[in-house]
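Okay, my_file_17.csv is below, CSV, C-alpha atoms:
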```csv
chain,number,residue,atom,x,y,z
L,7,ILE,CA,115.1,116.0,-30.6
L,8,ARG,CA,114.7,119.3,-32.5
L,9,THR,CA,115.3,117.6,-35.8
L,10,TYR,CA,112.9,114.8,-35.0
L,11,LEU,CA,110.2,117.3,-33.9
L,12,GLU,CA,110.6,119.0,-37.2
L,13,THR,CA,110.6,116.0,-39.5
L,14,GLY,CA,108.9,113.2,-37.6
L,15,GLU,CA,111.6,110.8,-39.0
L,16,PRO,CA,114.3,108.9,-37.1
L,17,VAL,CA,117.5,111.0,-37.0
L,18,GLY,CA,120.8,109.6,-38.2
L,19,SER,CA,124.4,110.6,-37.4
L,20,ARG,CA,124.9,111.9,-41.0
L,21,THR,CA,122.0,114.3,-40.6
L,22,ILE,CA,123.4,115.7,-37.4
L,23,SER,CA,126.9,116.0,-38.8
L,24,LYS,CA,125.6,117.7,-42.0
L,25,TYR,CA,123.0,120.1,-40.6
L,26,THR,CA,124.5,121.3,-37.3
L,27,ASP,CA,127.6,123.3,-36.4
L,28,LEU,CA,129.0,120.7,-34.0
L,29,ASN,CA,131.9,120.0,-36.5
L,30,LEU,CA,132.0,116.4,-35.5
L,31,SER,CA,132.4,113.4,-37.8
L,32,SER,CA,129.6,110.9,-38.4
L,33,ALA,CA,131.6,108.2,-36.6
L,34,THR,CA,132.0,110.4,-33.5
L,35,ILE,CA,128.3,111.2,-33.5
L,36,ARG,CA,127.4,107.5,-33.9
L,37,ASN,CA,129.5,106.7,-30.8
L,38,GLU,CA,127.8,109.4,-28.8
L,39,MET,CA,124.4,108.2,-30.0
L,40,SER,CA,125.3,104.6,-28.9
L,41,ASP,CA,126.1,105.9,-25.4
L,42,LEU,CA,122.8,107.8,-25.3
L,43,GLU,CA,120.9,104.7,-26.4
L,44,GLU,CA,122.5,102.7,-23.6
L,45,LEU,CA,121.6,105.3,-21.1
L,46,GLY,CA,118.0,105.1,-22.3
L,47,TYR,CA,117.7,108.7,-23.8
L,48,ILE,CA,117.2,107.6,-27.4
L,49,LEU,CA,115.8,104.5,-29.2
L,50,GLN,CA,116.4,102.8,-32.5
L,51,PRO,CA,113.0,101.8,-34.0
L,52,HIS,CA,114.5,99.2,-36.3
L,53,THR,CA,117.8,98.1,-37.6
L,54,SER,CA,119.7,100.6,-39.8
L,55,ALA,CA,117.3,103.4,-38.9
L,56,GLY,CA,118.3,106.6,-37.1
L,57,ARG,CA,117.3,107.2,-33.5
L,58,ILE,CA,114.2,108.8,-32.0
L,59,PRO,CA,113.8,110.3,-28.4
L,60,SER,CA,112.6,108.1,-25.6
L,61,ASP,CA,110.3,109.4,-22.8
L,62,LYS,CA,113.4,109.8,-20.7
L,63,GLY,CA,115.1,111.8,-23.5
L,64,TYR,CA,112.0,114.0,-23.9
L,65,ARG,CA,112.0,114.6,-20.1
L,66,LEU,CA,115.7,115.7,-20.1
L,67,TYR,CA,115.0,117.9,-23.1
L,68,VAL,CA,112.0,119.6,-21.5
L,69,ASP,CA,113.6,120.0,-18.1
L,70,THR,CA,116.7,121.5,-19.7
L,71,MET,CA,114.7,123.7,-22.0
L,72,LEU,CA,112.6,125.0,-19.1
L,73,ASP,CA,115.7,125.7,-17.0
L,74,ALA,CA,117.3,127.5,-19.9
L,75,LYS,CA,114.1,129.6,-20.4
L,76,GLU,CA,113.9,130.4,-16.7
L,77,SER,CA,117.6,131.5,-16.7
L,78,GLU,CA,117.0,133.5,-19.9
L,79,ILE,CA,114.0,135.3,-18.4
L,80,GLN,CA,115.9,136.0,-15.2
L,81,ASN,CA,118.9,137.3,-17.1
L,82,LEU,CA,116.5,139.6,-19.1
L,83,ARG,CA,114.9,140.7,-15.8
L,84,ASP,CA,118.3,141.6,-14.4
L,85,GLU,CA,119.2,143.6,-17.4
L,86,LEU,CA,115.8,145.4,-17.4
L,87,GLU,CA,116.1,146.2,-13.7
L,88,GLU,CA,119.5,147.8,-14.4
L,89,LYS,CA,118.2,150.0,-17.1
L,90,THR,CA,114.6,150.9,-16.1
L,91,GLU,CA,115.7,154.6,-15.8
L,92,LYS,CA,116.5,154.4,-19.5
L,93,ILE,CA,113.3,153.0,-20.9
L,94,ASP,CA,114.3,153.3,-24.5
L,95,GLU,CA,117.3,151.0,-23.9
L,96,VAL,CA,115.0,148.6,-22.1
L,97,LEU,CA,112.6,148.4,-25.0
L,98,GLN,CA,115.3,148.1,-27.6
L,99,LYS,CA,116.7,145.2,-25.6
L,100,VAL,CA,113.3,143.5,-25.4
L,101,ALA,CA,112.9,143.8,-29.2
L,102,ARG,CA,116.4,142.2,-29.7
L,103,VAL,CA,115.9,139.4,-27.3
L,104,LEU,CA,112.5,138.5,-28.7
L,105,ALA,CA,113.8,138.4,-32.2
L,106,THR,CA,116.7,136.1,-31.2
L,107,ASN,CA,114.5,133.8,-29.1
L,108,THR,CA,111.7,133.4,-31.6
L,109,ASN,CA,113.5,133.7,-34.9
L,110,TYR,CA,110.8,136.1,-36.0
L,111,ALA,CA,110.7,139.9,-36.5
L,112,THR,CA,109.7,142.0,-33.5
L,113,LEU,CA,108.5,145.5,-32.7
L,114,VAL,CA,108.0,147.4,-29.5
L,115,SER,CA,106.2,150.7,-29.0
L,116,GLY,CA,107.2,153.2,-26.4
L,117,PRO,CA,104.7,153.8,-23.6
L,118,ARG,CA,101.9,156.3,-24.1
L,119,TYR,CA,99.0,157.5,-22.1
L,120,GLN,CA,95.6,155.8,-22.6
L,121,SER,CA,94.2,159.4,-22.5
L,122,LYS,CA,96.1,162.6,-22.4
L,123,HIS,CA,94.8,165.6,-20.5
L,124,VAL,CA,95.5,169.3,-20.6
L,125,LYS,CA,97.8,170.5,-17.9
L,126,PHE,CA,98.5,174.1,-18.9
L,127,ILE,CA,97.8,176.5,-21.7
L,128,GLN,CA,99.5,179.8,-22.5
L,129,VAL,CA,98.5,182.2,-25.2
L,130,THR,CA,101.0,185.0,-26.0
L,131,GLU,CA,100.9,187.9,-28.5
L,132,VAL,CA,103.8,187.7,-30.9
L,133,ASP,CA,102.7,190.7,-33.1
L,134,GLU,CA,99.4,192.3,-34.2
L,135,LYS,CA,98.7,189.4,-36.6
L,136,SER,CA,100.0,186.4,-34.6
L,137,LEU,CA,99.4,184.6,-31.4
L,138,LEU,CA,101.6,181.8,-30.0
L,139,VAL,CA,99.7,178.9,-28.3
L,140,VAL,CA,101.7,176.7,-25.9
L,141,ILE,CA,100.1,173.5,-24.6
L,142,VAL,CA,101.5,171.3,-21.8
L,143,LEU,CA,99.9,167.9,-21.4
L,144,ASP,CA,99.9,165.8,-18.2
L,145,ASN,CA,102.6,163.5,-19.6
L,146,ASN,CA,104.8,166.7,-19.8
L,147,VAL,CA,104.7,166.8,-23.6
L,148,VAL,CA,104.9,170.4,-24.8
L,149,LYS,CA,103.4,171.6,-28.1
L,150,ASN,CA,103.3,175.1,-29.5
L,151,GLN,CA,101.9,176.6,-32.6
L,152,MET,CA,101.3,180.0,-34.2
L,153,ILE,CA,97.9,181.2,-35.2
L,154,ARG,CA,97.1,184.1,-37.5
L,155,ILE,CA,94.5,186.7,-36.3
L,156,ASP,CA,92.5,189.2,-38.3
L,157,GLU,CA,92.9,192.0,-35.8
L,158,PRO,CA,94.9,192.7,-32.7
L,159,VAL,CA,93.8,191.3,-29.4
L,160,GLU,CA,94.1,193.5,-26.4
L,161,GLN,CA,96.5,192.4,-23.6
L,162,GLU,CA,93.7,192.5,-21.1
L,163,THR,CA,91.7,190.1,-23.3
L,164,ILE,CA,94.7,187.7,-23.6
L,165,VAL,CA,95.1,187.6,-19.8
L,166,LYS,CA,91.4,186.8,-19.4
L,167,LEU,CA,91.6,184.2,-22.2
L,168,ASN,CA,94.5,182.4,-20.5
L,169,PHE,CA,92.6,182.4,-17.2
L,170,MET,CA,89.4,181.0,-18.8
L,171,LEU,CA,91.3,178.4,-20.9
L,172,ASN,CA,93.1,177.0,-17.9
L,173,THR,CA,90.2,177.0,-15.5
L,174,THR,CA,87.8,175.5,-18.0
L,175,LEU,CA,90.1,172.9,-19.8
L,176,ASN,CA,92.6,171.9,-17.2
L,177,GLY,CA,92.5,168.2,-16.5
L,178,LEU,CA,90.2,167.4,-19.5
L,179,ASP,CA,90.9,165.0,-22.3
L,180,VAL,CA,89.6,165.4,-25.9
L,181,LEU,CA,86.4,163.5,-25.2
L,182,GLU,CA,85.5,165.7,-22.2
L,183,MET,CA,85.7,168.9,-24.3
L,184,ASN,CA,82.0,168.7,-25.2
L,185,LEU,CA,79.7,171.3,-26.7
L,186,ALA,CA,78.8,172.8,-23.3
L,187,VAL,CA,82.5,173.5,-22.5
L,188,ILE,CA,83.2,175.0,-25.9
L,189,GLN,CA,80.0,177.1,-25.8
L,190,LYS,CA,81.0,178.5,-22.4
L,191,LEU,CA,84.3,179.7,-23.8
L,192,LYS,CA,82.7,181.2,-26.8
L,193,GLU,CA,80.2,183.1,-24.7
L,194,GLN,CA,83.0,184.6,-22.7
L,195,PHE,CA,84.8,185.8,-25.8
L,196,ASP,CA,81.9,186.5,-28.2
L,197,SER,CA,84.0,188.9,-30.4
L,198,HIS,CA,86.9,186.4,-30.7
L,199,THR,CA,85.1,183.2,-31.6
L,200,ARG,CA,87.5,182.5,-34.5
L,201,VAL,CA,90.5,182.7,-32.1
L,202,ILE,CA,88.8,180.3,-29.7
L,203,ASP,CA,88.0,177.9,-32.6
L,204,SER,CA,91.7,178.0,-33.7
L,205,ILE,CA,93.0,177.4,-30.1
L,206,LEU,CA,90.5,174.5,-29.6
L,207,GLU,CA,91.5,172.9,-32.9
L,208,ILE,CA,95.2,173.0,-31.8
L,209,ILE,CA,94.4,171.5,-28.4
L,210,GLY,CA,92.4,168.7,-30.0
L,211,LYS,CA,95.2,167.8,-32.5
L,212,THR,CA,97.7,167.9,-29.7
L,213,LEU,CA,95.7,165.5,-27.5
L,214,LEU,CA,95.2,163.1,-30.5
L,215,ASP,CA,98.7,163.4,-31.9
L,216,GLU,CA,100.7,160.2,-32.1
L,217,ASP,CA,103.6,161.5,-34.2
L,218,ASP,CA,105.9,161.3,-31.1
L,219,LEU,CA,105.3,157.5,-30.7
L,220,GLU,CA,108.6,155.6,-30.7
L,221,ILE,CA,108.7,152.1,-32.3
L,222,TYR,CA,111.7,149.9,-31.8
L,223,THR,CA,112.2,147.0,-34.2
L,224,SER,CA,114.6,144.0,-34.5
L,225,GLY,CA,115.1,140.9,-36.6
L,226,ALA,CA,113.3,142.1,-39.7
L,227,THR,CA,115.7,140.0,-41.8
L,228,ASN,CA,114.5,136.9,-40.0
L,229,ILE,CA,111.5,136.8,-42.4
L,230,LEU,CA,113.9,135.9,-45.2
L,231,LYS,CA,114.5,132.5,-43.5
L,232,TYR,CA,110.9,131.5,-44.5
L,233,PRO,CA,110.5,130.5,-48.1
L,234,GLU,CA,107.0,131.8,-48.4
L,235,LEU,CA,108.2,135.3,-47.4
L,236,SER,CA,111.6,135.3,-49.2
L,237,ASP,CA,110.2,136.2,-52.6
L,238,LYS,CA,111.9,139.4,-53.7
L,239,ALA,CA,108.8,141.5,-54.0
L,240,LYS,CA,107.2,140.2,-50.8
L,241,ALA,CA,110.4,140.6,-48.8
L,242,ALA,CA,110.9,144.1,-50.1
L,243,GLN,CA,107.4,145.1,-49.0
L,244,ILE,CA,107.8,143.7,-45.5
L,245,LEU,CA,111.3,145.1,-45.0
L,246,ASP,CA,110.0,148.6,-46.1
L,247,ALA,CA,107.2,148.3,-43.6
L,248,PHE,CA,109.8,147.8,-40.8
L,249,GLU,CA,111.8,150.6,-42.1
L,250,GLU,CA,108.9,153.0,-42.3
L,251,LYS,CA,107.4,151.9,-38.9
L,252,ARG,CA,104.5,154.3,-39.1
L,253,ILE,CA,102.2,151.7,-40.7
L,254,PHE,CA,102.3,149.8,-37.4
L,255,HIS,CA,100.6,152.6,-35.4
L,256,ASN,CA,97.2,151.1,-35.8
L,257,TRP,CA,98.4,147.7,-34.8
L,258,LEU,CA,100.0,149.1,-31.7
L,259,GLY,CA,96.9,151.0,-30.7
L,260,LEU,CA,96.1,151.3,-27.0
L,261,PRO,CA,93.9,148.6,-25.4
L,262,GLU,CA,90.4,149.0,-24.3
L,263,LYS,CA,90.2,150.1,-20.7
L,264,GLY,CA,90.6,147.1,-18.4
L,265,ARG,CA,91.7,144.6,-21.0
L,266,ALA,CA,95.4,145.0,-20.5
L,267,ASP,CA,95.1,144.7,-16.7
L,268,GLU,CA,93.3,141.4,-17.2
L,269,SER,CA,95.3,139.5,-19.7
L,270,HIS,CA,97.9,141.7,-21.4
L,271,ASP,CA,95.4,142.1,-24.2
L,272,ILE,CA,97.0,139.3,-26.3
L,273,GLN,CA,95.9,139.7,-30.0
L,274,VAL,CA,96.6,137.6,-33.0
L,275,TYR,CA,96.3,138.9,-36.6
L,276,ILE,CA,96.5,136.4,-39.4
L,277,GLY,CA,97.1,137.4,-43.0
L,278,ASP,CA,94.4,139.8,-44.2
L,279,GLU,CA,93.3,140.6,-40.6
L,280,THR,CA,96.3,142.9,-40.5
L,281,ASN,CA,94.6,145.2,-43.0
L,282,LEU,CA,98.0,145.8,-44.6
L,283,ASP,CA,98.8,144.7,-48.1
L,284,SER,CA,102.5,144.3,-47.2
L,285,MET,CA,101.6,141.9,-44.4
L,286,LYS,CA,99.0,139.8,-46.1
L,287,ASP,CA,101.3,136.7,-46.0
L,288,CYS,CA,102.3,137.3,-42.4
L,289,SER,CA,100.8,136.9,-38.9
L,290,MET,CA,101.4,139.1,-35.9
L,291,VAL,CA,101.0,138.4,-32.2
L,292,THR,CA,100.8,141.5,-29.9
L,293,ALA,CA,100.7,142.0,-26.2
L,294,THR,CA,100.3,145.0,-23.9
L,295,TYR,CA,102.6,146.0,-21.1
L,296,ARG,CA,101.7,148.5,-18.4
L,297,VAL,CA,104.1,151.0,-17.0
L,298,GLN,CA,101.5,152.4,-14.6
L,299,GLU,CA,97.8,153.1,-14.5
L,300,GLY,CA,96.8,154.6,-17.9
L,301,VAL,CA,100.3,154.3,-19.4
L,302,TYR,CA,100.7,151.4,-21.8
L,303,GLY,CA,102.9,150.1,-24.6
L,304,LYS,CA,102.7,147.2,-27.1
L,305,ILE,CA,105.1,144.4,-28.1
L,306,GLY,CA,104.6,142.5,-31.4
L,307,ILE,CA,106.0,139.4,-33.0
L,308,VAL,CA,105.8,139.2,-36.9
L,309,GLY,CA,106.3,135.9,-38.8
L,310,PRO,CA,104.8,133.7,-41.5
L,311,LYS,CA,101.2,132.5,-41.2
L,312,ARG,CA,102.6,129.1,-40.1
L,313,MET,CA,104.4,130.6,-37.1
L,314,ASP,CA,104.5,128.7,-33.8
L,315,TYR,CA,101.6,130.6,-32.2
L,316,ASP,CA,101.8,128.7,-28.9
L,317,LYS,CA,105.5,129.7,-28.5
L,318,ALA,CA,104.8,133.3,-29.5
L,319,VAL,CA,102.0,133.7,-27.1
L,320,GLY,CA,103.8,131.9,-24.3
L,321,THR,CA,107.0,134.0,-24.8
L,322,LEU,CA,105.0,137.2,-24.8
L,323,ASN,CA,103.1,136.3,-21.7
L,324,SER,CA,106.3,135.4,-19.8
L,325,LEU,CA,107.9,138.7,-20.9
L,326,MET,CA,104.9,140.7,-20.0
L,327,SER,CA,104.9,139.3,-16.5
L,328,GLN,CA,108.5,140.3,-16.0
L,329,LEU,CA,107.9,143.8,-17.3
L,330,ASP,CA,104.8,144.2,-15.1
L,331,ASP,CA,106.7,143.1,-12.0
L,332,ILE,CA,109.6,145.5,-12.7
L,333,PHE,CA,107.5,148.5,-13.4
L,334,LYS,CA,105.3,147.7,-10.4
L,335,ASP,CA,108.4,147.7,-8.2
L,336,LYS,CA,109.5,151.0,-9.6
L,337,ASN,CA,106.2,152.8,-9.1
```
Could you show the structure in this file as structure tokens?
Amino acid sequence: IRTYLETGEPVGSRTISKYTDLNLSSATIRNEMSDLEELGYILQPHTSAGRIPSDKGYRLYVDTMLDAKESEIQNLRDELEEKTEKIDEVLQKVARVLATNTNYATLVSGPRYQSKHVKFIQVTEVDEKSLLVVIVLDNNVVKNQMIRIDEPVEQETIVKLNFMLNTTLNGLDVLEMNLAVIQKLKEQFDSHTRVIDSILEIIGKTLLDEDDLEIYTSGATNILKYPELSDKAKAAQILDAFEEKRIFHNWLGLPEKGRADESHDIQVYIGDETNLDSMKDCSMVTATYRVQEGVYGKIGIVGPKRMDYDKAVGTLNSLMSQLDDIFKDKN
């Protein structure tokens, strides 16, 4: 049936013997096909032709395929449930299974917050010319950076600065740090506006920083199976992209608020829509999974522009539902 779906031509015993790994002779396959014909699963459109599937044959194929898919999804769910405490292992497994099932390349981003907020700020004097700024975000990411100062800052001023920074900025994201908030801080420390500017710049960069985003990939060499992508130069560009990973950050951006909750934010990028020269001959289908409110990740399938979009979207939707259920159970 798979061969007939690909070619649209009746399938003979020689074709099956030559292009599959059954390791059976043409004579043996002919006998099997004869039995299948008697049972009504395949038909011979005319004498000396190969066989084509009957409606009964299609029904067996579809039912078997659906049972296999259901079993496959349940097996994946079982594995995911066993490892949900180790989310990196879960996501690596998802990438591998998708690559195997679709025969395309896959990538999965680690979860990240739709918006990050300031949880705690600590400014400490290192010496007369340096201050250490430590920032803790609500996802428990900790960032620290040194800033140079022109003149010493009194310890009493540092204590007051820490108090004001935490009472003013605690719980805010970068968009909520408006001019009024900044002006309030500067008025409190009129003689140290450059220090305030430096600290606010560090906080802003920390809230927007995506350098810690993990991306797991699998099946990159699958693209070599497609003639239009196997050209040496094209293949090298695509494989380099999977090796570098960072170029996928824009593709794996967070969804608009509400969209992921409604439909997993399924997106399809075709050719130039990827906005990447190395991917201009490819297409990519992405979907969003949700760990909890405001914490999302992306899963993507990359293949040729003639990819089976229906299968890719269907596979992602099934997988997203499984992940949603598992994370919902754990929260």
- Message: Taking 6 positions as the minimum chain separation for residues in the same chain, which residues sit within 6 Å of Thr294 (chain L) when counting only C-alpha atoms? Answer as JSON, numbers by chain.
- Response: {"L": [266, 270, 271, 303, 304]}
- Message: Env of Thr280 (chain L): 8 Å cut, atoms = only C-alpha atoms, seq-sep filter 4 positions within chain, self excluded. Answer as a PyMOL selection string.
- Response: chain L and resi 257+275-276+285-286+289-290
- Task: Kindly indicate which residue among L:Asn109, L:Ser284, L:Ser324, L:Gln273 lies nearest to Leu235 (chain L), using all atoms listed in the file for the distances.
- Result: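 For Leu235 (chain L), the nearest of the given residues is L:Ser284.
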- Item | Nearest residue to Ala105 (chain L) from the set L:Gly320, L:Pro310, L:Gly225, L:Pro233 (distances using all atoms listed in the file) |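 Distance minimum relative to Ala105 (chain L) lands on L:Gly225.
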- Å distance separating CA of Asn281 (chain L) from CA of Asp246 (chain L), one decimal place: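 Value for the CA of Asn281 (chain L)-CA of Asp246 (chain L) distance: 16.1 Å.
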- Item | Given only C-alpha atoms as the counted atoms, nearest of L:Leu213, L:Leu137, L:Ala226, L:Ile221 to Tyr110 (chain L) |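 Under the stated criterion, the closest residue is L:Ala226.
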- Can you work out which one of L:Ile305, L:Leu45, L:Val297, L:Cys288 has the shortest atom-to-atom distance to Ser236 (chain L), counting all atoms listed in the file?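 The shortest atom-to-atom distance to Ser236 (chain L) comes from L:Cys288.
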- Which residue of L:Thr199, L:Ser19, L:Gln151, L:Asn228 approaches Thr108 (chain L) most closely, using all atoms listed in the file: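 Among the listed residues, L:Asn228 lies closest to Thr108 (chain L).
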- Message: Please compute the CA of Phe126 (chain L)-CA of Pro158 (chain L) distance, one decimal, in Å.
- Response: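 Spanning CA of Phe126 (chain L) to CA of Pro158 (chain L) is a straight-line distance of 23.4 Å.
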- Task: Calculate how many Å separate CA of Leu329 (chain L) from CA of Val148 (chain L), rounding to one decimal.
- Result: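 Distance between the two atoms: 27.8 Å.
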- Given the choices L:Ile229, L:Val124, L:Ala33, L:Val159, which gets closest to Val201 (chain L) if the distance is worked out from all atoms listed in the file? L:Val159
